[in-house]
Structures are given as structure tokens and as C-alpha cells.
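One file, protein-v9.csv, is given below (CSV, C-alpha atoms and all ligand atoms).
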chain,number,residue,atom,x,y,z
U,1,MET,CA,-118.2,-127.9,96.5
U,2,GLY,CA,-116.4,-128.4,93.2
U,3,LYS,CA,-114.4,-126.1,90.9
U,4,LYS,CA,-115.2,-123.1,93.0
U,5,LEU,CA,-113.7,-124.7,96.1
U,6,LYS,CA,-110.7,-125.7,94.1
U,7,ARG,CA,-110.2,-122.1,93.1
U,8,LEU,CA,-110.6,-120.9,96.7
U,9,LEU,CA,-108.1,-123.5,97.9
U,10,ILE,CA,-105.5,-122.7,95.2
U,11,ASN,CA,-105.8,-119.1,96.3
U,12,LYS,CA,-105.3,-119.9,99.9
U,13,LEU,CA,-102.4,-122.3,99.4
U,14,LYS,CA,-100.4,-120.6,96.7
U,15,GLU,CA,-97.8,-119.4,99.2
U,16,LYS,CA,-97.5,-122.8,100.9
U,17,ILE,CA,-97.5,-125.4,98.1
U,18,PRO,CA,-95.1,-125.4,95.1
U,19,SER,CA,-96.9,-123.7,92.2
U,20,ASN,CA,-96.5,-126.7,89.8
U,21,LEU,CA,-98.6,-128.8,92.2
U,22,LEU,CA,-101.5,-126.4,92.7
U,23,GLN,CA,-103.5,-127.7,89.8
U,24,LEU,CA,-103.4,-131.2,91.4
U,25,ILE,CA,-105.6,-129.9,94.3
U,26,PRO,CA,-108.9,-131.9,93.9
U,27,ALA,CA,-112.2,-130.4,92.9
U,28,HIS,CA,-114.3,-133.1,94.4
U,29,TYR,CA,-114.9,-133.7,98.1
U,30,PHE,CA,-117.3,-135.9,100.1
U,31,LEU,CA,-119.0,-133.9,102.8
U,32,ILE,CA,-120.7,-135.9,105.5
U,33,ASP,CA,-122.1,-134.3,108.7
U,34,LYS,CA,-119.2,-131.9,109.6
U,35,THR,CA,-116.5,-134.0,108.0
U,36,VAL,CA,-114.8,-133.6,104.6
U,37,ILE,CA,-113.3,-136.7,103.1
U,38,LEU,CA,-111.0,-136.3,100.1
U,39,THR,CA,-108.5,-138.2,97.9
U,40,LEU,CA,-105.1,-136.6,97.3
U,41,HIS,CA,-102.7,-137.0,94.4
U,42,GLU,CA,-99.6,-138.7,95.9
U,43,LYS,CA,-97.5,-135.6,95.1
U,44,LEU,CA,-99.7,-133.6,97.4
U,45,ILE,CA,-99.4,-135.9,100.4
U,46,PRO,CA,-96.5,-134.0,102.0
U,47,TRP,CA,-98.9,-131.0,102.1
U,48,GLU,CA,-101.9,-132.8,103.4
U,49,LYS,CA,-102.0,-130.9,106.7
U,50,GLU,CA,-101.8,-127.5,104.9
U,51,ILE,CA,-104.7,-128.6,102.6
U,52,GLY,CA,-106.7,-129.9,105.5
U,53,ASN,CA,-106.2,-126.7,107.5
U,54,ALA,CA,-107.1,-124.5,104.5
U,55,ILE,CA,-110.5,-126.4,104.2
U,56,LEU,CA,-111.1,-125.8,107.9
U,57,GLU,CA,-110.4,-122.1,107.6
U,58,LEU,CA,-112.6,-121.7,104.5
U,59,PHE,CA,-115.5,-123.6,105.9
U,60,PRO,CA,-115.9,-123.0,109.7
U,61,TYR,CA,-118.7,-125.6,110.0
U,62,VAL,CA,-116.3,-128.3,108.9
U,63,ARG,CA,-114.7,-129.9,112.0
U,64,THR,CA,-112.6,-132.7,110.5
U,65,VAL,CA,-110.8,-133.3,107.3
U,66,ALA,CA,-109.9,-136.9,106.4
U,67,ARG,CA,-108.1,-138.5,103.5
U,68,LYS,CA,-108.8,-141.8,101.7
U,69,VAL,CA,-105.6,-143.8,101.9
U,70,GLY,CA,-106.9,-146.9,100.0
U,71,PRO,CA,-109.9,-148.7,98.6
U,72,PHE,CA,-112.7,-150.3,100.6
U,73,GLU,CA,-111.3,-153.6,102.0
U,74,GLY,CA,-112.9,-157.0,102.1
U,75,VAL,CA,-116.5,-158.2,102.2
U,76,LYS,CA,-117.2,-155.9,105.1
U,77,LYS,CA,-116.2,-153.0,102.9
U,78,GLN,CA,-114.0,-151.4,105.6
U,79,PRO,CA,-112.9,-147.9,104.5
U,80,GLN,CA,-109.2,-146.9,104.7
U,81,ILE,CA,-109.4,-143.3,105.9
U,82,ARG,CA,-107.0,-141.1,108.0
U,83,ILE,CA,-107.7,-137.8,109.7
U,84,ILE,CA,-105.4,-135.0,108.3
U,85,ALA,CA,-106.7,-131.9,110.1
U,86,GLY,CA,-109.2,-130.8,112.8
U,87,GLU,CA,-110.9,-132.8,115.5
U,88,GLU,CA,-110.1,-136.5,116.0
U,89,GLN,CA,-113.8,-137.3,115.9
U,90,THR,CA,-114.7,-140.3,113.7
U,91,GLU,CA,-118.2,-141.0,114.9
U,92,ILE,CA,-120.7,-138.9,113.0
U,93,ILE,CA,-124.5,-138.5,112.6
U,94,HIS,CA,-125.6,-138.0,109.0
U,95,LYS,CA,-129.2,-136.8,108.5
U,96,GLU,CA,-131.0,-137.7,105.3
U,97,ASN,CA,-134.8,-137.4,104.6
U,98,LYS,CA,-135.4,-136.9,108.4
U,99,VAL,CA,-133.6,-140.2,109.1
U,100,TYR,CA,-130.4,-140.3,111.3
U,101,PHE,CA,-127.5,-142.5,110.4
U,102,LYS,CA,-124.8,-142.7,113.1
U,103,PHE,CA,-121.6,-144.5,112.2
U,104,ASP,CA,-117.8,-144.3,112.4
U,105,PHE,CA,-116.6,-143.1,108.9
U,106,THR,CA,-113.3,-144.8,109.4
U,107,LYS,CA,-115.0,-148.2,109.9
U,108,ILE,CA,-118.2,-148.1,107.8
U,109,GLU,CA,-118.9,-147.4,104.1
U,110,PHE,CA,-121.6,-144.9,103.4
U,111,SER,CA,-122.8,-144.0,99.9
U,112,LYS,CA,-124.7,-140.7,99.6
U,113,GLY,CA,-125.4,-141.6,96.0
U,114,ASN,CA,-128.0,-144.2,97.1
U,115,LYS,CA,-130.1,-141.5,98.8
U,116,SER,CA,-133.1,-141.5,96.4
U,117,GLU,CA,-133.0,-145.3,96.2
U,118,ARG,CA,-133.3,-145.6,100.0
U,119,MET,CA,-136.4,-143.4,99.9
U,120,ARG,CA,-137.9,-145.1,96.9
U,121,ILE,CA,-137.8,-148.6,98.6
U,122,ALA,CA,-139.1,-147.1,101.9
U,123,LYS,CA,-142.1,-145.9,100.0
U,124,ALA,CA,-142.7,-149.1,98.1
U,125,VAL,CA,-143.2,-151.2,101.2
U,126,LYS,CA,-146.8,-152.1,101.9
U,127,PRO,CA,-148.4,-152.3,105.4
U,128,ASN,CA,-147.8,-155.4,107.3
U,129,GLU,CA,-145.1,-156.8,105.1
U,130,THR,CA,-142.2,-158.9,106.5
U,131,LEU,CA,-138.8,-157.9,105.0
U,132,VAL,CA,-135.4,-159.4,104.9
U,133,ASP,CA,-132.5,-156.9,104.4
U,134,MET,CA,-129.7,-159.4,103.5
U,135,PHE,CA,-126.8,-156.9,103.7
U,136,ALA,CA,-128.2,-154.4,106.2
U,137,GLY,CA,-125.1,-152.6,107.2
U,138,ILE,CA,-125.9,-149.7,109.6
U,139,GLY,CA,-129.5,-149.8,108.3
U,140,TYR,CA,-129.1,-147.9,105.0
U,141,PHE,CA,-132.5,-149.4,103.8
U,142,SER,CA,-133.9,-150.9,107.0
U,143,ILE,CA,-134.0,-147.6,109.0
U,144,PRO,CA,-135.8,-145.4,106.4
U,145,ILE,CA,-138.2,-148.3,105.7
U,146,ALA,CA,-139.0,-148.7,109.4
U,147,VAL,CA,-139.5,-144.9,109.7
U,148,TYR,CA,-141.6,-144.3,106.6
U,149,SER,CA,-143.7,-147.5,106.3
U,150,ASN,CA,-146.0,-149.7,108.3
U,151,VAL,CA,-143.8,-152.7,107.9
U,152,LYS,CA,-144.5,-155.6,110.3
U,153,LYS,CA,-140.9,-156.7,110.8
U,154,ILE,CA,-137.5,-156.3,109.2
U,155,TYR,CA,-134.9,-159.1,109.6
U,156,ALA,CA,-131.7,-157.0,109.2
U,157,ILE,CA,-128.7,-159.2,108.6
U,158,ASP,CA,-125.0,-158.2,108.5
U,159,ILE,CA,-121.8,-160.1,108.9
U,160,ASN,CA,-119.9,-157.2,110.4
U,161,PRO,CA,-120.3,-156.7,114.2
U,162,ILE,CA,-119.5,-152.9,113.8
U,163,ALA,CA,-122.3,-152.5,111.3
U,164,ILE,CA,-124.7,-154.4,113.6
U,165,HIS,CA,-123.6,-152.2,116.5
U,166,TYR,CA,-124.6,-149.0,114.5
U,167,LEU,CA,-127.7,-150.6,113.1
U,168,LYS,CA,-129.0,-151.2,116.7
U,169,GLU,CA,-128.0,-147.6,117.6
U,170,ASN,CA,-129.7,-146.2,114.5
U,171,ALA,CA,-132.9,-148.2,115.3
U,172,ARG,CA,-132.8,-146.7,118.8
U,173,ILE,CA,-132.2,-143.0,117.8
U,174,ASN,CA,-134.8,-143.2,115.0
U,175,LYS,CA,-137.3,-144.9,117.5
U,176,VAL,CA,-137.9,-148.0,115.3
U,177,SER,CA,-136.3,-150.7,117.4
U,178,HIS,CA,-139.6,-152.5,117.7
U,179,LYS,CA,-139.8,-153.0,113.9
U,180,ILE,CA,-136.2,-154.3,113.4
U,181,ILE,CA,-134.6,-157.6,114.3
U,182,PRO,CA,-130.8,-157.2,113.9
U,183,ILE,CA,-129.0,-160.5,113.1
U,184,LEU,CA,-125.2,-160.7,113.2
U,185,SER,CA,-124.4,-163.5,110.7
U,186,ASP,CA,-123.8,-164.5,107.1
U,187,CYS,CA,-127.1,-164.1,105.3
U,188,ARG,CA,-126.5,-167.5,103.5
U,189,LYS,CA,-126.6,-169.2,106.9
U,190,VAL,CA,-129.7,-167.2,108.1
U,191,ALA,CA,-131.5,-168.2,104.8
U,192,ASN,CA,-131.4,-171.9,105.9
U,193,GLU,CA,-133.0,-171.0,109.3
U,194,LEU,CA,-135.6,-168.4,108.2
U,195,GLN,CA,-137.1,-170.0,105.1
U,196,GLY,CA,-140.4,-168.8,103.6
U,197,ILE,CA,-140.9,-165.7,105.8
U,198,ALA,CA,-140.5,-162.7,103.5
U,199,ASP,CA,-142.8,-160.6,101.3
U,200,ARG,CA,-139.8,-158.5,100.2
U,201,VAL,CA,-136.0,-159.1,100.1
U,202,ILE,CA,-133.4,-156.4,99.8
U,203,MET,CA,-129.9,-157.2,98.4
U,204,GLY,CA,-128.0,-153.9,98.8
U,205,TYR,CA,-124.5,-155.3,98.2
U,206,ILE,CA,-122.3,-154.8,95.1
U,207,PRO,CA,-120.5,-156.3,93.3
U,208,PHE,CA,-121.4,-160.0,92.9
U,209,SER,CA,-124.6,-160.1,94.9
U,210,ARG,CA,-125.7,-162.6,92.1
U,211,ASN,CA,-123.8,-165.2,94.2
U,212,PHE,CA,-126.3,-164.7,96.9
U,213,LEU,CA,-129.5,-165.1,94.8
U,214,GLY,CA,-129.9,-168.7,96.0
U,215,ALA,CA,-130.1,-167.5,99.6
U,216,ALA,CA,-132.5,-164.7,98.6
U,217,PHE,CA,-135.1,-167.1,97.2
U,218,LYS,CA,-135.0,-169.2,100.3
U,219,PHE,CA,-136.4,-166.3,102.3
U,220,PHE,CA,-139.5,-165.7,100.1
U,221,LYS,CA,-143.0,-166.8,100.9
U,222,THR,CA,-145.0,-168.1,97.8
U,223,LYS,CA,-144.8,-164.6,96.3
U,224,GLY,CA,-142.6,-161.6,96.8
U,225,VAL,CA,-140.5,-158.7,95.6
U,226,LEU,CA,-136.7,-158.6,95.3
U,227,HIS,CA,-134.8,-155.4,95.2
U,228,TRP,CA,-131.6,-156.6,93.5
U,229,HIS,CA,-128.5,-154.3,93.5
U,230,GLU,CA,-125.7,-155.5,91.2
U,231,THR,CA,-123.0,-154.2,88.9
U,232,PHE,CA,-123.1,-154.7,85.1
U,233,HIS,CA,-121.1,-153.5,82.1
U,234,LYS,CA,-122.8,-150.9,80.1
U,235,THR,CA,-123.2,-153.3,77.1
U,236,GLU,CA,-125.0,-155.9,79.3
U,237,LEU,CA,-127.9,-153.6,80.2
U,238,TRP,CA,-130.6,-154.8,80.4
U,239,GLU,CA,-130.6,-158.2,78.6
U,240,LYS,CA,-128.0,-159.9,80.8
U,241,PRO,CA,-129.4,-159.0,84.2
U,242,ILE,CA,-133.0,-159.9,83.1
U,243,ASN,CA,-132.0,-163.3,81.7
U,244,LEU,CA,-129.8,-164.0,84.7
U,245,ILE,CA,-132.6,-163.3,87.2
U,246,LYS,CA,-135.1,-165.4,85.2
U,247,GLU,CA,-132.6,-168.3,85.1
U,248,GLU,CA,-131.8,-168.0,88.8
U,249,ALA,CA,-135.4,-167.8,89.9
U,250,GLU,CA,-136.3,-171.0,88.0
U,251,LYS,CA,-133.3,-172.7,89.5
U,252,TYR,CA,-134.7,-172.1,92.9
U,253,GLY,CA,-138.3,-172.9,92.1
U,254,TYR,CA,-139.7,-169.4,91.3
U,255,ARG,CA,-140.8,-167.6,88.2
U,256,VAL,CA,-140.4,-163.9,87.4
U,257,ASN,CA,-143.9,-162.4,87.0
U,258,SER,CA,-142.7,-158.9,86.2
U,259,ILE,CA,-139.8,-156.4,86.4
U,260,PRO,CA,-141.7,-153.3,87.3
U,261,TYR,CA,-138.6,-151.1,87.8
U,262,LYS,CA,-134.9,-151.0,86.8
U,263,LYS,CA,-132.5,-148.2,87.1
U,264,ILE,CA,-128.8,-147.2,87.0
U,265,VAL,CA,-128.1,-146.0,90.5
U,266,LYS,CA,-124.6,-144.7,89.8
U,267,SER,CA,-121.3,-145.3,88.0
U,268,TYR,CA,-119.2,-148.0,89.8
U,269,ALA,CA,-116.1,-148.1,87.6
U,270,PRO,CA,-115.4,-147.0,84.0
U,271,LYS,CA,-118.4,-148.4,81.9
U,272,ILE,CA,-119.6,-150.4,84.9
U,273,TYR,CA,-122.8,-149.4,86.5
U,274,HIS,CA,-124.4,-150.1,89.8
U,275,VAL,CA,-128.0,-150.9,89.0
U,276,VAL,CA,-131.1,-151.8,90.9
U,277,ILE,CA,-133.8,-154.1,89.5
U,278,ASP,CA,-137.1,-154.8,91.2
U,279,VAL,CA,-138.3,-158.4,90.5
U,280,GLU,CA,-141.8,-159.8,91.3
U,281,VAL,CA,-141.5,-163.5,91.9
U,282,GLU,CA,-143.9,-166.4,92.5
U,283,LYS,CA,-143.3,-170.0,93.4
U,284,LEU,CA,-143.6,-172.4,90.4
U,301,LIG,C1,-121.6,-151.6,103.0
U,301,LIG,S1,-123.1,-152.3,102.7
U,301,LIG,C2,-123.4,-151.6,101.1
U,301,LIG,C3,-123.6,-150.1,101.1
U,301,LIG,C4,-125.0,-149.6,101.0
U,301,LIG,N1,-125.7,-150.3,100.0
U,301,LIG,C5,-125.2,-148.1,100.9
U,301,LIG,O1,-126.3,-147.7,100.6
U,301,LIG,O2,-124.4,-147.3,101.3
U,301,LIG,C6,-122.8,-154.0,102.4
U,301,LIG,C7,-122.9,-154.7,103.7
U,301,LIG,O3,-122.9,-156.1,103.4
U,301,LIG,C8,-122.3,-156.8,104.5
U,301,LIG,N2,-122.0,-158.2,104.0
U,301,LIG,C9,-121.1,-158.7,103.1
U,301,LIG,N3,-121.2,-160.0,103.0
U,301,LIG,C10,-122.2,-160.4,103.8
U,301,LIG,C11,-122.8,-161.7,104.1
U,301,LIG,N4,-122.4,-162.8,103.5
U,301,LIG,N5,-123.9,-161.7,104.9
U,301,LIG,C12,-124.3,-160.6,105.5
U,301,LIG,N6,-123.8,-159.4,105.3
U,301,LIG,C13,-122.8,-159.3,104.5
U,301,LIG,C14,-121.1,-156.0,104.8
U,301,LIG,O4,-120.6,-156.3,106.1
U,301,LIG,C15,-121.6,-154.6,104.6
U,301,LIG,O5,-122.1,-154.0,105.8
Structure encoded using C-alpha cells:
Amino acid sequence: MGKKLKRLLINKLKEKIPSNLLQLIPAHYFLIDKTVILTLHEKLIPWEKEIGNAILELFPYVRTVARKVGPFEGVKKQPQIRIIAGEEQTEIIHKENKVYFKFDFTKIEFSKGNKSERMRIAKAVKPNETLVDMFAGIGYFSIPIAVYSNVKKIYAIDINPIAIHYLKENARINKVSHKIIPILSDCRKVANELQGIADRVIMGYIPFSRNFLGAAFKFFKTKGVLHWHETFHKTELWEKPINLIKEEAEKYGYRVNSIPYKKIVKSYAPKIYHVVIDVEVEKL
């Protein structure tokens, strides 16, 4: 989808929408399973149904068209999305790298932009490791890791009961329930109860996951690998995150042995990047 779809839609809608508004029809759409999610310019909102129906007619495999009505809300990152055309079906199954993710797109955030990162981490895990996924959501990282590695156990924590419901469901449909321990709680609380258990810790939460680094270090055995997702301004890369992680590690009794990988995952806001940094740490 893109400019071509915009042209097709303009063509289909030129009799139904005032001509001065046609150029406001968006060129970018988010397609997940059989659902299209779009953002509309406020001037187009009175014609949302016509736009939704035009998409359904152009793409017979699309069952539902929904519109973002606001930003993600709160720490649970609850989406604000409303169906504008098609079936009132909000629970979907997205397939990615032969892994199934079931979730309700009106209740759960899903970022397709993290696809290659999910696979990279899944392949980095070594046999028999114990993992902590501090912000597990519906299993964005935990499920592919359980499917593609010989991990011993993954403690998959999330504060949102809806996310934990789908995490359990995804573990079941991907046949990896025996490898995953879902925990409905605040990861900072769990860190006090499960100290010194992890070979690898995943922090897949942005922005401000830096506020949770203290909890992350509590989970580690004497040595481990941290996959740290965070947001930084373009000008801060990479000096600021590297200095910050070294300072934080020392504060919690660890040293950084190496940073074998760092990458911009995607753009988060103008000049602000979502980055991932792998950090090998060892107790001082
Ligand atoms: C939505 S995920 C991030 C998206 C994901 N990285 C992806 O690939 O699409 C972040 C999760 O962190 C959870 N969360 C936020 N604060 C938390 C906390 N203190 N403890 C545990 N989970 C938390 C939210 O409920 C949410 O499910």
C-alpha cells in the first residue's frame, strides 16, 4: 500500500468526497491480518465510512477498516481505535516468521516495525538459558524466542491483564506454554522476588525504560546479556546511551564487558529514535 492505493482511492471516491479534500486521503495504512488501520485528517472524518467502504471494495481480503482516534494511552499503551467499516471483529491473528500473535487490536499495541528485532533476539538465545522479559506484552519477544530457541524458561512479566491473557493464549497456540511462565505484575516488584535468576533480560518498552534499569540488574546472575530498548535524540547517539548504561551498571554492582550490538530500530518522533543496545554485563 502507499501512493498507488491513494490514487486508487481518490479515483473511487471522487464522486463522493468534495474535490478539495481528495488530496488529504492518506497514502499510508497499517495492514494487520485482515484489518486496515488508518489515521484520517480531521476534515475527512465526516466521510470515514465512505473511505472505509472504498478500501473494502478495492481489497476483498480486507474484512475490517479501523481508524486511530488518539495516541496510545498510559503505561499499558492502550490504543485508541474505532472500526469505521466492515466486520466488527477486533480479535485478530497476525502471523510473522511462522509465529502466531493473537490479540485485540483495539486493546493492545503491536509494532510491525520490530519484526526483524524479534527474530534477531530469538536467534541470539543460547540453549538452556533462563530469560526475563520485563515488558512481555502479548509475547512479542517471548513467543518467537520460545519457538526458535532451546531456552530453559522465560519469565514473561506484564502489568496489563489483557496482555497476559493474550500471552497465555499465544503460548498455547504456538505450543510453547511449557517454556513460558507468565507473571501479571509490575516488573519492579517481581525483581525483588526473583533476584539472580537470569542469563538474559529483555527490556522491550519505550520510552524511559532507563527508569527500570535498577530492576533489570536485580534479575541477573553473575553474568548476563541485556537487550535494552530505549529512545534517544539523534545527537545523543551513541555516546549518551553507552555512558548511561555504564553508569547504571556500576550503580547496581555490575560492569559492562562489551556492547556487541547497537541499532536504530525505527523513528519514534522527529529526530528521536527507538534504539536497541545489547549489553554484556558481569558482577563487580
Ligand atoms: C506494548 S509493549 C511494547 C511493544 C513491543 N515492544 C512491540 O514489539 O510491539 C510494552 C508493555 O509493557 C507493559 N508495562 C508497562 N509498564 C510495566 C511495568 N512496570 N511492569 C511490567 N510491564 C509493564 C505494558 O503493559 C505493555 O504491554
With the cut-off set at 6 Å and counting all atoms listed in the file, tabulate each residue of chain U with an atom at most that distance from an atom of ligand LIG 301 (chain U), showing the nearest atom pair and its distance in Å to one decimal, ordered by chain and increasing number, as JSON lines.
{"residue": "U:Val75", "atom": "CA", "partner": "U:LIG301", "partner_atom": "C9", "distance": 4.7}
{"residue": "U:Lys76", "atom": "CA", "partner": "U:LIG301", "partner_atom": "O4", "distance": 3.6}
{"residue": "U:Lys77", "atom": "CA", "partner": "U:LIG301", "partner_atom": "C1", "distance": 5.6}
{"residue": "U:Glu109", "atom": "CA", "partner": "U:LIG301", "partner_atom": "C1", "distance": 5.1}
{"residue": "U:Phe110", "atom": "CA", "partner": "U:LIG301", "partner_atom": "O2", "distance": 4.2}
{"residue": "U:Ser111", "atom": "CA", "partner": "U:LIG301", "partner_atom": "O2", "distance": 3.9}
{"residue": "U:Asn114", "atom": "CA", "partner": "U:LIG301", "partner_atom": "O1", "distance": 5.2}
{"residue": "U:Met134", "atom": "CA", "partner": "U:LIG301", "partner_atom": "C12", "distance": 5.9}
{"residue": "U:Phe135", "atom": "CA", "partner": "U:LIG301", "partner_atom": "O3", "distance": 4.0}
{"residue": "U:Ala136", "atom": "CA", "partner": "U:LIG301", "partner_atom": "C7", "distance": 5.9}
{"residue": "U:Gly137", "atom": "CA", "partner": "U:LIG301", "partner_atom": "O5", "distance": 3.6}
{"residue": "U:Tyr140", "atom": "CA", "partner": "U:LIG301", "partner_atom": "O1", "distance": 5.2}
{"residue": "U:Ile157", "atom": "CA", "partner": "U:LIG301", "partner_atom": "C12", "distance": 5.6}
{"residue": "U:Asp158", "atom": "CA", "partner": "U:LIG301", "partner_atom": "N6", "distance": 3.6}
{"residue": "U:Ile159", "atom": "CA", "partner": "U:LIG301", "partner_atom": "N6", "distance": 4.2}
{"residue": "U:Asn160", "atom": "CA", "partner": "U:LIG301", "partner_atom": "O4", "distance": 4.4}
{"residue": "U:Ala163", "atom": "CA", "partner": "U:LIG301", "partner_atom": "O5", "distance": 5.7}
{"residue": "U:Ser185", "atom": "CA", "partner": "U:LIG301", "partner_atom": "C12", "distance": 6.0}
{"residue": "U:Asp186", "atom": "CA", "partner": "U:LIG301", "partner_atom": "N5", "distance": 3.6}
{"residue": "U:Cys187", "atom": "CA", "partner": "U:LIG301", "partner_atom": "N5", "distance": 4.0}
{"residue": "U:Gly204", "atom": "CA", "partner": "U:LIG301", "partner_atom": "N1", "distance": 4.4}
{"residue": "U:Tyr205", "atom": "CA", "partner": "U:LIG301", "partner_atom": "C6", "distance": 4.7}
Store the residues picked out above, limited to C-alpha atoms, as a compact mmCIF listing (two decimals), in the coordinates of the input.
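Output below, filename again25.txt:
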# COMPACT_ATOMS: atom_id res chain seq x y z
CA VAL U 75 -116.50 -158.20 102.20
CA LYS U 76 -117.20 -155.90 105.10
CA LYS U 77 -116.20 -153.00 102.90
CA GLU U 109 -118.90 -147.40 104.10
CA PHE U 110 -121.60 -144.90 103.40
CA SER U 111 -122.80 -144.00 99.90
CA ASN U 114 -128.00 -144.20 97.10
CA MET U 134 -129.70 -159.40 103.50
CA PHE U 135 -126.80 -156.90 103.70
CA ALA U 136 -128.20 -154.40 106.20
CA GLY U 137 -125.10 -152.60 107.20
CA TYR U 140 -129.10 -147.90 105.00
CA ILE U 157 -128.70 -159.20 108.60
CA ASP U 158 -125.00 -158.20 108.50
CA ILE U 159 -121.80 -160.10 108.90
CA ASN U 160 -119.90 -157.20 110.40
CA ALA U 163 -122.30 -152.50 111.30
CA SER U 185 -124.40 -163.50 110.70
CA ASP U 186 -123.80 -164.50 107.10
CA CYS U 187 -127.10 -164.10 105.30
CA GLY U 204 -128.00 -153.90 98.80
CA TYR U 205 -124.50 -155.30 98.20
Selection near Leu44 (chain U), 9 Å with only C-alpha atoms, sequence-local residues under 4 positions removed, as a list of chain:residue names = U:Ile17, U:Leu21, U:Leu22, U:Leu24, U:Ile25, U:Leu40, U:Glu48, U:Ile51
Go ahead and save the residues from that selection, with C-alpha atoms, as a tab-separated table (two decimals), in the frame of the given file.
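again_28.tsv was written with the following content:
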chain	number	residue	atom	x	y	z
U	17	ILE	CA	-97.50	-125.40	98.10
U	21	LEU	CA	-98.60	-128.80	92.20
U	22	LEU	CA	-101.50	-126.40	92.70
U	24	LEU	CA	-103.40	-131.20	91.40
U	25	ILE	CA	-105.60	-129.90	94.30
U	40	LEU	CA	-105.10	-136.60	97.30
U	48	GLU	CA	-101.90	-132.80	103.40
U	51	ILE	CA	-104.70	-128.60	102.60
key: Among listed residues U:Arg67, U:Lys153, U:Lys126, U:Lys189, nearest Val176 (chain U) (using all atoms listed in the file)   = U:Lys153
query = Of the residues U:Ala156, U:Ile277, U:Leu31, U:Leu13, which is the one nearest to Ala66 (chain U), using all atoms listed in the file?
reply =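 Smallest separation from Ala66 (chain U) among the options: U:Leu31.
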inquiry  = So that I can see what lies close to Ala191 (chain U), please list as a count of residues only the residues with an atom at most 8 Å from it, counting only C-alpha atoms and leaving out residues fewer than 6 positions away in the same chain.
reply    = 4
ask   = Which residues, written as a ChimeraX atom specification, have at least one atom at most 10 Å from Gln23 (chain U), with only C-alpha atoms counted and residues fewer than 2 positions away on the same chain left out?
value = /U:6-7,10,19-21,25-27
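Here CA of Ile259 (chain U) stands at a distance of 15.9 Å from CA of Leu213 (chain U).
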request  = Figure out the distance between CA of Ile143 (chain U) and CA of Lys95 (chain U), please, to one decimal in Å.
outcome  = 11.8 Å
request  = Show which residues sit within 8 Å of Thr231 (chain U), as JSON, numbers by chain. Count all atoms listed in the file, and ignore same-chain residues fewer than 6 positions away.
outcome  = {"U": [206, 207, 208, 268, 272, 273, 274, 275]}
Taking C-alpha atoms for each residue, export the selection above as a compact mmCIF listing (two decimals), in the coordinates of the input.
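What follows is the written file selection.txt:
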# COMPACT_ATOMS: atom_id res chain seq x y z
CA ILE U 206 -122.30 -154.80 95.10
CA PRO U 207 -120.50 -156.30 93.30
CA PHE U 208 -121.40 -160.00 92.90
CA TYR U 268 -119.20 -148.00 89.80
CA ILE U 272 -119.60 -150.40 84.90
CA TYR U 273 -122.80 -149.40 86.50
CA HIS U 274 -124.40 -150.10 89.80
CA VAL U 275 -128.00 -150.90 89.00
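Our summary of the geometry notes that CA of Ile183 (chain U) is positioned 7.0 Å from CA of Tyr155 (chain U).
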ask   = Got a sec: who's within 10 Å of Tyr61 (chain U), counting only C-alpha atoms, leaving out chain neighbours fewer than 2 positions off, as a VMD selection string?
value = chain U and resid 33 to 35 56 to 59 63 to 64
ask   = Which residue gives the smallest distance to Lys234 (chain U) among U:Arg255, U:Lys266, U:Lys3, U:His178, with all atoms listed in the file counted?
value =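 Among the listed residues, the smallest separation from Lys234 (chain U) belongs to U:Lys266.
Using all atoms listed in the file, the nearest neighbour of Glu73 (chain U) within the list U:Ile145, U:Ile164, U:Ala122, U:Ile108 is U:Ile108.
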task = Could you tell me which of U:Ile55, U:Val279, U:Ile37, U:Ile93 comes closest to Pro241 (chain U) if we count only C-alpha atoms?
result = U:Val279
Could you rebuild region 38-42 of chain U with all heavy atoms and give me the result as an mmCIF file, in the frame of the given file?
data_model
loop_
_atom_site.group_PDB
_atom_site.id
_atom_site.type_symbol
_atom_site.label_atom_id
_atom_site.label_comp_id
_atom_site.auth_asym_id
_atom_site.auth_seq_id
_atom_site.Cartn_x
_atom_site.Cartn_y
_atom_site.Cartn_z
ATOM 1 N N LEU U 38 -111.511 -136.570 101.433
ATOM 2 C CA LEU U 38 -111.000 -136.300 100.100
ATOM 3 C C LEU U 38 -109.923 -137.339 99.721
ATOM 4 O O LEU U 38 -109.433 -138.088 100.566
ATOM 5 C CB LEU U 38 -110.412 -134.889 100.019
ATOM 6 C CG LEU U 38 -109.427 -134.441 101.100
ATOM 7 C CD1 LEU U 38 -108.036 -134.969 100.847
ATOM 8 C CD2 LEU U 38 -109.387 -132.925 101.140
ATOM 9 N N THR U 39 -109.621 -137.357 98.420
ATOM 10 C CA THR U 39 -108.500 -138.200 97.900
ATOM 11 C C THR U 39 -107.480 -137.245 97.383
ATOM 12 O O THR U 39 -107.808 -136.304 96.661
ATOM 13 C CB THR U 39 -109.054 -139.092 96.764
ATOM 14 O OG1 THR U 39 -110.190 -139.806 97.236
ATOM 15 C CG2 THR U 39 -107.996 -140.085 96.307
ATOM 16 N N LEU U 40 -106.218 -137.476 97.764
ATOM 17 C CA LEU U 40 -105.100 -136.600 97.300
ATOM 18 C C LEU U 40 -104.210 -137.279 96.338
ATOM 19 O O LEU U 40 -103.889 -138.467 96.516
ATOM 20 C CB LEU U 40 -104.319 -136.093 98.502
ATOM 21 C CG LEU U 40 -104.904 -134.989 99.378
ATOM 22 C CD1 LEU U 40 -103.880 -134.589 100.436
ATOM 23 C CD2 LEU U 40 -105.330 -133.771 98.570
ATOM 24 N N HIS U 41 -103.769 -136.540 95.332
ATOM 25 C CA HIS U 41 -102.700 -137.000 94.400
ATOM 26 C C HIS U 41 -101.471 -137.266 95.302
ATOM 27 O O HIS U 41 -101.189 -136.497 96.225
ATOM 28 C CB HIS U 41 -102.434 -135.941 93.390
ATOM 29 C CG HIS U 41 -101.532 -136.403 92.298
ATOM 30 N ND1 HIS U 41 -100.174 -136.582 92.486
ATOM 31 C CD2 HIS U 41 -101.791 -136.732 91.011
ATOM 32 C CE1 HIS U 41 -99.639 -136.998 91.354
ATOM 33 N NE2 HIS U 41 -100.599 -137.101 90.440
ATOM 34 N N GLU U 42 -100.718 -138.343 94.988
ATOM 35 C CA GLU U 42 -99.600 -138.700 95.900
ATOM 36 C C GLU U 42 -98.573 -137.556 96.020
ATOM 37 O O GLU U 42 -97.938 -137.413 97.065
ATOM 38 C CB GLU U 42 -98.902 -139.984 95.409
ATOM 39 C CG GLU U 42 -98.383 -139.930 94.001
ATOM 40 C CD GLU U 42 -97.693 -141.231 93.586
ATOM 41 O OE1 GLU U 42 -97.473 -142.087 94.443
ATOM 42 O OE2 GLU U 42 -97.373 -141.349 92.393
#
